[in-house]
Amino acid sequence: MNHSQSSDNILIRDDKGGAVYLTLNRPDKFNTLSEAMLAALQQELDAIAADPAVRCVVIGGMGRGFCAGHDLKEMRANPEHSYYQELFRNCSRVMKSVVALPVPVIARVQGMAVAAGCQLAASCDLVIAAQSASFGVSGINVGLFCSTPAVALSRNVSPKRAFDMLVTGEFIDANTALEWGLVSTVVPDADLDAAVANKVETILSKSPAAVRFGKSMFHPQRQMALADAYDFAGNVMADNMMSPDASEGIDAFLAKRKPNWEQPGR
């Protein structure tokens, strides 16, 4: 297991057998996305994207909450339009990088996921939430409509439910988030780490190549017209069929044996 921290310890990285765990480490600030936190996240996401040995990523938060969004104190200390443009541009880049990673990304959510923290969870491929978790885009309560979080939120829940959350600032609990499609799994608080580990283990048991092929097509096809999506998906599937893992997997299935997947980067 490899363990590393950003220079001021605000982001912890643990590598465990093909899975990378990124933990936001500002528990006294509810893991807010300061400039330094966004930079640390971007650096790790860029490194992960270029590493063929990585097969799954988990993003979590230290302490009582997942992430409380932007650092409002830092934002008020820099009252310039150009500063805010750059801040939100950098945050959006992090979110887009999460979506674009070639491997599945799991959000491990305990406590609150607020504003850009809710955006971060919504940007992940899977969200495993503790029963006590809550989700909100409450910028409206301080005079700020959560416009960039709205992009991720409205791609996970229905437009009317998303707008309701955005314009009222009201929070939803984990079970409501599950019902609405923002969360993929809800478990008792005590079972959160076990549920995340089980999901990671399941993903790691699959063909690394097939998982990467799948991630490469899933999000892009959702933005396409139906005919274009089928053309795109068919080409990806044909490429997947030419991979050694597809041949091995089908042969193993026919022979009633366990497949032996290729392990890239090792």
# chains A, B, ... in the order shown; residues from 1 in each chain; ligands from 1
>>> residues_around(residues="Leu22 of chain A", least_positions_apart="4", cutoff="8 Å", atoms="only C-alpha atoms", output="PyMOL selection string")
chain A and resi 11-14+57-60
>>> write_last_selection(atoms="N, CA, C and O atoms", output="PDB file, in the first residue's frame")
ATOM      1  N   LEU A  11      -4.889  16.765   1.425  1.00  0.00           N
ATOM      2  CA  LEU A  11      -5.409  15.654   0.631  1.00  0.00           C
ATOM      3  C   LEU A  11      -4.527  14.436   0.856  1.00  0.00           C
ATOM      4  O   LEU A  11      -3.316  14.494   0.678  1.00  0.00           O
ATOM      5  N   ILE A  12      -5.143  13.334   1.265  1.00  0.00           N
ATOM      6  CA  ILE A  12      -4.416  12.096   1.530  1.00  0.00           C
ATOM      7  C   ILE A  12      -4.708  11.108   0.408  1.00  0.00           C
ATOM      8  O   ILE A  12      -5.866  10.921   0.030  1.00  0.00           O
ATOM      9  N   ARG A  13      -3.659  10.490  -0.097  1.00  0.00           N
ATOM     10  CA  ARG A  13      -3.813   9.458  -1.123  1.00  0.00           C
ATOM     11  C   ARG A  13      -3.294   8.122  -0.590  1.00  0.00           C
ATOM     12  O   ARG A  13      -2.166   8.030  -0.115  1.00  0.00           O
ATOM     13  N   ASP A  14      -4.135   7.096  -0.694  1.00  0.00           N
ATOM     14  CA  ASP A  14      -3.752   5.724  -0.372  1.00  0.00           C
ATOM     15  C   ASP A  14      -3.970   4.859  -1.600  1.00  0.00           C
ATOM     16  O   ASP A  14      -5.052   4.888  -2.192  1.00  0.00           O
ATOM     17  N   VAL A  57     -11.203   4.456  -8.219  1.00  0.00           N
ATOM     18  CA  VAL A  57     -10.881   5.586  -7.351  1.00  0.00           C
ATOM     19  C   VAL A  57     -12.021   5.783  -6.359  1.00  0.00           C
ATOM     20  O   VAL A  57     -13.200   5.681  -6.725  1.00  0.00           O
ATOM     21  N   VAL A  58     -11.665   6.056  -5.109  1.00  0.00           N
ATOM     22  CA  VAL A  58     -12.645   6.389  -4.077  1.00  0.00           C
ATOM     23  C   VAL A  58     -12.317   7.779  -3.551  1.00  0.00           C
ATOM     24  O   VAL A  58     -11.174   8.050  -3.178  1.00  0.00           O
ATOM     25  N   ILE A  59     -13.310   8.669  -3.540  1.00  0.00           N
ATOM     26  CA  ILE A  59     -13.139  10.009  -2.980  1.00  0.00           C
ATOM     27  C   ILE A  59     -13.975  10.112  -1.712  1.00  0.00           C
ATOM     28  O   ILE A  59     -15.183   9.847  -1.735  1.00  0.00           O
ATOM     29  N   GLY A  60     -13.333  10.474  -0.618  1.00  0.00           N
ATOM     30  CA  GLY A  60     -14.029  10.595   0.657  1.00  0.00           C
ATOM     31  C   GLY A  60     -13.554  11.817   1.416  1.00  0.00           C
ATOM     32  O   GLY A  60     -12.675  12.555   0.965  1.00  0.00           O
TER      33      GLY A  60
END
>>> residues_around(residues="Asp189 of chain A", least_positions_apart="6", cutoff="7 Å", atoms="only C-alpha atoms", output="list in words")
Ala130, Gln131 and Ser132 of chain A
>>> atom_distance(atom1="atom CA of Gln119 of chain A", atom2="atom CA of Leu101 of chain A")
16.2 Å
>>> atom_distance(atom1="atom CA of Thr23 of chain A", atom2="atom CA of Ile172 of chain A")
23.4 Å
>>> residues_around(residues="segment 153-166 of chain A", least_positions_apart="3", cutoff="12 Å", atoms="only C-alpha atoms", output="ChimeraX atom specification")
/A:95,99,113-127,135-141,143-150,169-173,176-184,219,222-223
>>> closest_residue(among="A:Lys96, A:Arg26, A:His81, A:Arg76", to="Asp46 of chain A", atoms="only C-alpha atoms")
A:Lys96
>>> select_by_dssp(residues="segment 107-265 of chain A", states="strand (DSSP E or B)", output="list in words")
Ala107, Arg108, Val109, Met112, Ala113, Val114, Leu126, Val127, Ile128, Ala129, Ala130, Ser134, Phe135, Gly136, Ile172, Asp173, Thr185, Val186 and Val187 of chain A
>>> select_by_dssp(residues="segment 1-157 of chain A", states="alpha helix (DSSP H)", output="PDB file with N, CA, C and O atoms, in the first residue's frame")
ATOM      1  N   GLU A  35      -8.710  26.844  -2.593  1.00  0.00           N
ATOM      2  CA  GLU A  35      -7.851  26.855  -3.783  1.00  0.00           C
ATOM      3  C   GLU A  35      -6.820  25.725  -3.708  1.00  0.00           C
ATOM      4  O   GLU A  35      -6.572  25.017  -4.696  1.00  0.00           O
ATOM      5  N   ALA A  36      -6.211  25.567  -2.545  1.00  0.00           N
ATOM      6  CA  ALA A  36      -5.189  24.538  -2.375  1.00  0.00           C
ATOM      7  C   ALA A  36      -5.783  23.133  -2.516  1.00  0.00           C
ATOM      8  O   ALA A  36      -5.144  22.241  -3.092  1.00  0.00           O
ATOM      9  N   MET A  37      -6.991  22.926  -1.993  1.00  0.00           N
ATOM     10  CA  MET A  37      -7.626  21.622  -2.108  1.00  0.00           C
ATOM     11  C   MET A  37      -7.934  21.290  -3.568  1.00  0.00           C
ATOM     12  O   MET A  37      -7.695  20.171  -4.028  1.00  0.00           O
ATOM     13  N   LEU A  38      -8.460  22.257  -4.292  1.00  0.00           N
ATOM     14  CA  LEU A  38      -8.755  22.037  -5.708  1.00  0.00           C
ATOM     15  C   LEU A  38      -7.477  21.726  -6.489  1.00  0.00           C
ATOM     16  O   LEU A  38      -7.472  20.834  -7.343  1.00  0.00           O
ATOM     17  N   ALA A  39      -6.398  22.444  -6.186  1.00  0.00           N
ATOM     18  CA  ALA A  39      -5.131  22.197  -6.867  1.00  0.00           C
ATOM     19  C   ALA A  39      -4.601  20.803  -6.553  1.00  0.00           C
ATOM     20  O   ALA A  39      -4.090  20.098  -7.440  1.00  0.00           O
ATOM     21  N   ALA A  40      -4.717  20.395  -5.287  1.00  0.00           N
ATOM     22  CA  ALA A  40      -4.240  19.065  -4.892  1.00  0.00           C
ATOM     23  C   ALA A  40      -5.068  17.975  -5.563  1.00  0.00           C
ATOM     24  O   ALA A  40      -4.530  16.962  -6.037  1.00  0.00           O
ATOM     25  N   LEU A  41      -6.379  18.166  -5.605  1.00  0.00           N
ATOM     26  CA  LEU A  41      -7.243  17.199  -6.284  1.00  0.00           C
ATOM     27  C   LEU A  41      -6.897  17.101  -7.762  1.00  0.00           C
ATOM     28  O   LEU A  41      -6.806  15.997  -8.316  1.00  0.00           O
ATOM     29  N   GLN A  42      -6.729  18.258  -8.404  1.00  0.00           N
ATOM     30  CA  GLN A  42      -6.423  18.246  -9.839  1.00  0.00           C
ATOM     31  C   GLN A  42      -5.111  17.528 -10.118  1.00  0.00           C
ATOM     32  O   GLN A  42      -5.005  16.752 -11.081  1.00  0.00           O
ATOM     33  N   GLN A  43      -4.114  17.763  -9.283  1.00  0.00           N
ATOM     34  CA  GLN A  43      -2.819  17.107  -9.459  1.00  0.00           C
ATOM     35  C   GLN A  43      -2.961  15.590  -9.375  1.00  0.00           C
ATOM     36  O   GLN A  43      -2.403  14.852 -10.206  1.00  0.00           O
ATOM     37  N   GLU A  44      -3.705  15.104  -8.388  1.00  0.00           N
ATOM     38  CA  GLU A  44      -3.882  13.660  -8.239  1.00  0.00           C
ATOM     39  C   GLU A  44      -4.724  13.079  -9.363  1.00  0.00           C
ATOM     40  O   GLU A  44      -4.436  11.988  -9.867  1.00  0.00           O
ATOM     41  N   LEU A  45      -5.769  13.768  -9.763  1.00  0.00           N
ATOM     42  CA  LEU A  45      -6.622  13.271 -10.848  1.00  0.00           C
ATOM     43  C   LEU A  45      -5.839  13.169 -12.160  1.00  0.00           C
ATOM     44  O   LEU A  45      -6.000  12.208 -12.920  1.00  0.00           O
ATOM     45  N   ASP A  46      -4.989  14.149 -12.418  1.00  0.00           N
ATOM     46  CA  ASP A  46      -4.159  14.104 -13.628  1.00  0.00           C
ATOM     47  C   ASP A  46      -3.202  12.914 -13.580  1.00  0.00           C
ATOM     48  O   ASP A  46      -2.992  12.226 -14.589  1.00  0.00           O
ATOM     49  N   ALA A  47      -2.615  12.678 -12.408  1.00  0.00           N
ATOM     50  CA  ALA A  47      -1.689  11.543 -12.268  1.00  0.00           C
ATOM     51  C   ALA A  47      -2.423  10.222 -12.430  1.00  0.00           C
ATOM     52  O   ALA A  47      -1.926   9.289 -13.082  1.00  0.00           O
ATOM     53  N   ILE A  48      -3.608  10.113 -11.862  1.00  0.00           N
ATOM     54  CA  ILE A  48      -4.394   8.883 -11.970  1.00  0.00           C
ATOM     55  C   ILE A  48      -4.786   8.620 -13.415  1.00  0.00           C
ATOM     56  O   ILE A  48      -4.723   7.483 -13.895  1.00  0.00           O
ATOM     57  N   ALA A  49      -5.187   9.665 -14.124  1.00  0.00           N
ATOM     58  CA  ALA A  49      -5.613   9.514 -15.520  1.00  0.00           C
ATOM     59  C   ALA A  49      -4.500   8.939 -16.387  1.00  0.00           C
ATOM     60  O   ALA A  49      -4.775   8.244 -17.371  1.00  0.00           O
ATOM     61  N   LEU A  72     -15.962  29.673   1.868  1.00  0.00           N
ATOM     62  CA  LEU A  72     -16.585  30.989   1.757  1.00  0.00           C
ATOM     63  C   LEU A  72     -15.703  32.101   2.328  1.00  0.00           C
ATOM     64  O   LEU A  72     -15.680  33.219   1.808  1.00  0.00           O
ATOM     65  N   LYS A  73     -14.979  31.809   3.388  1.00  0.00           N
ATOM     66  CA  LYS A  73     -14.090  32.814   3.975  1.00  0.00           C
ATOM     67  C   LYS A  73     -13.000  33.204   2.987  1.00  0.00           C
ATOM     68  O   LYS A  73     -12.682  34.393   2.831  1.00  0.00           O
ATOM     69  N   GLU A  74     -12.443  32.215   2.311  1.00  0.00           N
ATOM     70  CA  GLU A  74     -11.415  32.484   1.305  1.00  0.00           C
ATOM     71  C   GLU A  74     -12.007  33.277   0.145  1.00  0.00           C
ATOM     72  O   GLU A  74     -11.363  34.192  -0.395  1.00  0.00           O
ATOM     73  N   MET A  75     -13.225  32.921  -0.249  1.00  0.00           N
ATOM     74  CA  MET A  75     -13.877  33.635  -1.352  1.00  0.00           C
ATOM     75  C   MET A  75     -14.112  35.105  -1.004  1.00  0.00           C
ATOM     76  O   MET A  75     -13.883  35.989  -1.828  1.00  0.00           O
ATOM     77  N   ARG A  76     -14.571  35.390   0.218  1.00  0.00           N
ATOM     78  CA  ARG A  76     -14.849  36.779   0.607  1.00  0.00           C
ATOM     79  C   ARG A  76     -13.565  37.591   0.755  1.00  0.00           C
ATOM     80  O   ARG A  76     -13.598  38.824   0.674  1.00  0.00           O
ATOM     81  N   HIS A  81     -13.946  39.890  -9.582  1.00  0.00           N
ATOM     82  CA  HIS A  81     -14.653  39.076 -10.577  1.00  0.00           C
ATOM     83  C   HIS A  81     -13.718  38.077 -11.232  1.00  0.00           C
ATOM     84  O   HIS A  81     -14.066  36.901 -11.424  1.00  0.00           O
ATOM     85  N   SER A  82     -12.520  38.525 -11.584  1.00  0.00           N
ATOM     86  CA  SER A  82     -11.557  37.635 -12.244  1.00  0.00           C
ATOM     87  C   SER A  82     -11.150  36.479 -11.331  1.00  0.00           C
ATOM     88  O   SER A  82     -10.929  35.354 -11.793  1.00  0.00           O
ATOM     89  N   TYR A  83     -11.053  36.765 -10.026  1.00  0.00           N
ATOM     90  CA  TYR A  83     -10.719  35.705  -9.067  1.00  0.00           C
ATOM     91  C   TYR A  83     -11.809  34.652  -9.039  1.00  0.00           C
ATOM     92  O   TYR A  83     -11.530  33.454  -9.067  1.00  0.00           O
ATOM     93  N   TYR A  84     -13.061  35.094  -8.979  1.00  0.00           N
ATOM     94  CA  TYR A  84     -14.166  34.146  -8.929  1.00  0.00           C
ATOM     95  C   TYR A  84     -14.271  33.337 -10.220  1.00  0.00           C
ATOM     96  O   TYR A  84     -14.546  32.129 -10.194  1.00  0.00           O
ATOM     97  N   GLN A  85     -14.047  33.977 -11.346  1.00  0.00           N
ATOM     98  CA  GLN A  85     -14.063  33.252 -12.618  1.00  0.00           C
ATOM     99  C   GLN A  85     -13.022  32.136 -12.617  1.00  0.00           C
ATOM    100  O   GLN A  85     -13.307  31.000 -13.024  1.00  0.00           O
ATOM    101  N   GLU A  86     -11.814  32.467 -12.159  1.00  0.00           N
ATOM    102  CA  GLU A  86     -10.741  31.470 -12.128  1.00  0.00           C
ATOM    103  C   GLU A  86     -11.042  30.363 -11.124  1.00  0.00           C
ATOM    104  O   GLU A  86     -10.801  29.183 -11.390  1.00  0.00           O
ATOM    105  N   LEU A  87     -11.595  30.719  -9.965  1.00  0.00           N
ATOM    106  CA  LEU A  87     -11.938  29.724  -8.956  1.00  0.00           C
ATOM    107  C   LEU A  87     -12.951  28.730  -9.486  1.00  0.00           C
ATOM    108  O   LEU A  87     -12.763  27.507  -9.369  1.00  0.00           O
ATOM    109  N   PHE A  88     -14.028  29.229 -10.078  1.00  0.00           N
ATOM    110  CA  PHE A  88     -15.066  28.323 -10.567  1.00  0.00           C
ATOM    111  C   PHE A  88     -14.602  27.554 -11.800  1.00  0.00           C
ATOM    112  O   PHE A  88     -15.032  26.431 -12.033  1.00  0.00           O
ATOM    113  N   ARG A  89     -13.703  28.157 -12.572  1.00  0.00           N
ATOM    114  CA  ARG A  89     -13.123  27.437 -13.707  1.00  0.00           C
ATOM    115  C   ARG A  89     -12.283  26.257 -13.212  1.00  0.00           C
ATOM    116  O   ARG A  89     -12.372  25.141 -13.752  1.00  0.00           O
ATOM    117  N   ASN A  90     -11.501  26.487 -12.173  1.00  0.00           N
ATOM    118  CA  ASN A  90     -10.674  25.411 -11.621  1.00  0.00           C
ATOM    119  C   ASN A  90     -11.526  24.317 -10.988  1.00  0.00           C
ATOM    120  O   ASN A  90     -11.225  23.124 -11.115  1.00  0.00           O
ATOM    121  N   CYS A  91     -12.578  24.726 -10.288  1.00  0.00           N
ATOM    122  CA  CYS A  91     -13.474  23.738  -9.686  1.00  0.00           C
ATOM    123  C   CYS A  91     -14.163  22.905 -10.767  1.00  0.00           C
ATOM    124  O   CYS A  91     -14.263  21.678 -10.650  1.00  0.00           O
ATOM    125  N   SER A  92     -14.623  23.573 -11.813  1.00  0.00           N
ATOM    126  CA  SER A  92     -15.273  22.847 -12.908  1.00  0.00           C
ATOM    127  C   SER A  92     -14.302  21.884 -13.579  1.00  0.00           C
ATOM    128  O   SER A  92     -14.696  20.779 -13.990  1.00  0.00           O
ATOM    129  N   ARG A  93     -13.046  22.287 -13.672  1.00  0.00           N
ATOM    130  CA  ARG A  93     -12.045  21.392 -14.257  1.00  0.00           C
ATOM    131  C   ARG A  93     -11.886  20.128 -13.417  1.00  0.00           C
ATOM    132  O   ARG A  93     -11.773  19.017 -13.948  1.00  0.00           O
ATOM    133  N   VAL A  94     -11.882  20.273 -12.096  1.00  0.00           N
ATOM    134  CA  VAL A  94     -11.807  19.102 -11.222  1.00  0.00           C
ATOM    135  C   VAL A  94     -12.994  18.182 -11.459  1.00  0.00           C
ATOM    136  O   VAL A  94     -12.840  16.965 -11.594  1.00  0.00           O
ATOM    137  N   MET A  95     -14.198  18.749 -11.508  1.00  0.00           N
ATOM    138  CA  MET A  95     -15.397  17.932 -11.705  1.00  0.00           C
ATOM    139  C   MET A  95     -15.370  17.217 -13.049  1.00  0.00           C
ATOM    140  O   MET A  95     -15.704  16.028 -13.150  1.00  0.00           O
ATOM    141  N   LYS A  96     -14.958  17.929 -14.080  1.00  0.00           N
ATOM    142  CA  LYS A  96     -14.876  17.307 -15.408  1.00  0.00           C
ATOM    143  C   LYS A  96     -13.802  16.221 -15.436  1.00  0.00           C
ATOM    144  O   LYS A  96     -13.957  15.200 -16.126  1.00  0.00           O
ATOM    145  N   SER A  97     -12.733  16.428 -14.683  1.00  0.00           N
ATOM    146  CA  SER A  97     -11.676  15.421 -14.622  1.00  0.00           C
ATOM    147  C   SER A  97     -12.160  14.150 -13.932  1.00  0.00           C
ATOM    148  O   SER A  97     -11.769  13.039 -14.319  1.00  0.00           O
ATOM    149  N   VAL A  98     -13.008  14.298 -12.918  1.00  0.00           N
ATOM    150  CA  VAL A  98     -13.591  13.127 -12.251  1.00  0.00           C
ATOM    151  C   VAL A  98     -14.409  12.316 -13.256  1.00  0.00           C
ATOM    152  O   VAL A  98     -14.278  11.091 -13.356  1.00  0.00           O
ATOM    153  N   VAL A  99     -15.260  13.004 -14.003  1.00  0.00           N
ATOM    154  CA  VAL A  99     -16.105  12.321 -14.995  1.00  0.00           C
ATOM    155  C   VAL A  99     -15.251  11.676 -16.078  1.00  0.00           C
ATOM    156  O   VAL A  99     -15.547  10.567 -16.541  1.00  0.00           O
ATOM    157  N   ALA A 100     -14.170  12.350 -16.485  1.00  0.00           N
ATOM    158  CA  ALA A 100     -13.350  11.875 -17.594  1.00  0.00           C
ATOM    159  C   ALA A 100     -12.336  10.799 -17.212  1.00  0.00           C
ATOM    160  O   ALA A 100     -11.717  10.201 -18.101  1.00  0.00           O
ATOM    161  N   ALA A 116     -20.776  22.724  -3.624  1.00  0.00           N
ATOM    162  CA  ALA A 116     -19.774  22.078  -4.470  1.00  0.00           C
ATOM    163  C   ALA A 116     -19.392  20.696  -3.950  1.00  0.00           C
ATOM    164  O   ALA A 116     -18.860  19.877  -4.697  1.00  0.00           O
ATOM    165  N   GLY A 117     -19.659  20.422  -2.672  1.00  0.00           N
ATOM    166  CA  GLY A 117     -19.463  19.073  -2.145  1.00  0.00           C
ATOM    167  C   GLY A 117     -20.497  18.110  -2.695  1.00  0.00           C
ATOM    168  O   GLY A 117     -20.188  16.958  -3.010  1.00  0.00           O
ATOM    169  N   CYS A 118     -21.734  18.588  -2.817  1.00  0.00           N
ATOM    170  CA  CYS A 118     -22.780  17.800  -3.476  1.00  0.00           C
ATOM    171  C   CYS A 118     -22.442  17.628  -4.949  1.00  0.00           C
ATOM    172  O   CYS A 118     -22.651  16.552  -5.529  1.00  0.00           O
ATOM    173  N   GLN A 119     -21.901  18.671  -5.553  1.00  0.00           N
ATOM    174  CA  GLN A 119     -21.456  18.612  -6.943  1.00  0.00           C
ATOM    175  C   GLN A 119     -20.377  17.553  -7.129  1.00  0.00           C
ATOM    176  O   GLN A 119     -20.403  16.784  -8.101  1.00  0.00           O
ATOM    177  N   LEU A 120     -19.434  17.480  -6.195  1.00  0.00           N
ATOM    178  CA  LEU A 120     -18.363  16.487  -6.275  1.00  0.00           C
ATOM    179  C   LEU A 120     -18.927  15.075  -6.199  1.00  0.00           C
ATOM    180  O   LEU A 120     -18.543  14.197  -6.984  1.00  0.00           O
ATOM    181  N   ALA A 121     -19.846  14.850  -5.268  1.00  0.00           N
ATOM    182  CA  ALA A 121     -20.466  13.529  -5.165  1.00  0.00           C
ATOM    183  C   ALA A 121     -21.233  13.198  -6.433  1.00  0.00           C
ATOM    184  O   ALA A 121     -21.132  12.081  -6.971  1.00  0.00           O
ATOM    185  N   ALA A 122     -22.004  14.157  -6.946  1.00  0.00           N
ATOM    186  CA  ALA A 122     -22.803  13.926  -8.145  1.00  0.00           C
ATOM    187  C   ALA A 122     -21.946  13.667  -9.372  1.00  0.00           C
ATOM    188  O   ALA A 122     -22.384  13.004 -10.320  1.00  0.00           O
ATOM    189  N   SER A 123     -20.720  14.166  -9.370  1.00  0.00           N
ATOM    190  CA  SER A 123     -19.821  13.976 -10.509  1.00  0.00           C
ATOM    191  C   SER A 123     -19.212  12.582 -10.534  1.00  0.00           C
ATOM    192  O   SER A 123     -18.720  12.145 -11.578  1.00  0.00           O
ATOM    193  N   SER A 147     -24.907  27.663  -9.214  1.00  0.00           N
ATOM    194  CA  SER A 147     -24.996  27.459 -10.658  1.00  0.00           C
ATOM    195  C   SER A 147     -24.127  26.311 -11.148  1.00  0.00           C
ATOM    196  O   SER A 147     -24.582  25.477 -11.939  1.00  0.00           O
ATOM    197  N   THR A 148     -22.854  26.259 -10.707  1.00  0.00           N
ATOM    198  CA  THR A 148     -22.010  25.158 -11.185  1.00  0.00           C
ATOM    199  C   THR A 148     -22.404  23.820 -10.550  1.00  0.00           C
ATOM    200  O   THR A 148     -22.439  22.810 -11.260  1.00  0.00           O
ATOM    201  N   PRO A 149     -22.752  23.754  -9.267  1.00  0.00           N
ATOM    202  CA  PRO A 149     -23.287  22.496  -8.748  1.00  0.00           C
ATOM    203  C   PRO A 149     -24.544  22.041  -9.479  1.00  0.00           C
ATOM    204  O   PRO A 149     -24.815  20.834  -9.596  1.00  0.00           O
ATOM    205  N   ALA A 150     -25.324  22.998 -10.003  1.00  0.00           N
ATOM    206  CA  ALA A 150     -26.545  22.654 -10.731  1.00  0.00           C
ATOM    207  C   ALA A 150     -26.259  21.796 -11.952  1.00  0.00           C
ATOM    208  O   ALA A 150     -27.093  20.974 -12.346  1.00  0.00           O
ATOM    209  N   VAL A 151     -25.096  21.974 -12.552  1.00  0.00           N
ATOM    210  CA  VAL A 151     -24.752  21.200 -13.749  1.00  0.00           C
ATOM    211  C   VAL A 151     -24.694  19.713 -13.429  1.00  0.00           C
ATOM    212  O   VAL A 151     -25.289  18.883 -14.118  1.00  0.00           O
ATOM    213  N   ALA A 152     -23.979  19.373 -12.353  1.00  0.00           N
ATOM    214  CA  ALA A 152     -23.873  17.961 -11.974  1.00  0.00           C
ATOM    215  C   ALA A 152     -25.181  17.441 -11.392  1.00  0.00           C
ATOM    216  O   ALA A 152     -25.617  16.331 -11.702  1.00  0.00           O
ATOM    217  N   LEU A 153     -25.817  18.255 -10.538  1.00  0.00           N
ATOM    218  CA  LEU A 153     -27.053  17.810  -9.887  1.00  0.00           C
ATOM    219  C   LEU A 153     -28.133  17.506 -10.913  1.00  0.00           C
ATOM    220  O   LEU A 153     -28.817  16.471 -10.823  1.00  0.00           O
TER     221      LEU A 153
END
>>> residues_around(residues="segment 249-261 of chain A", least_positions_apart="3", cutoff="9 Å", atoms="only C-alpha atoms", output="list in words")
Ser205, Lys206, Ser207, Pro208, Ala209, Pro244, Asp245 and Ala246 of chain A
>>> closest_residue(among="A:Asp71, A:Asp228, A:Glu80, A:Glu248", to="Glu262 of chain A", atoms="only C-alpha atoms")
A:Glu248
>>> residues_around(residues="Gln221 of chain A", least_positions_apart="4", cutoff="12 Å", atoms="only C-alpha atoms", output="PyMOL selection string")
chain A and resi 214-217+225-236
>>> closest_residue(among="A:Ala190, A:Ala77, A:Lys199, A:Cys67", to="Ser134 of chain A", atoms="only C-alpha atoms")
A:Cys67
>>> atom_distance(atom1="atom CA of Cys56 of chain A", atom2="atom CA of Ala19 of chain A")
4.7 Å
>>> closest_residue(among="A:Thr202, A:Ile128, A:Asp191, A:Gln263", to="Asn175 of chain A", atoms="only C-alpha atoms")
A:Ile128
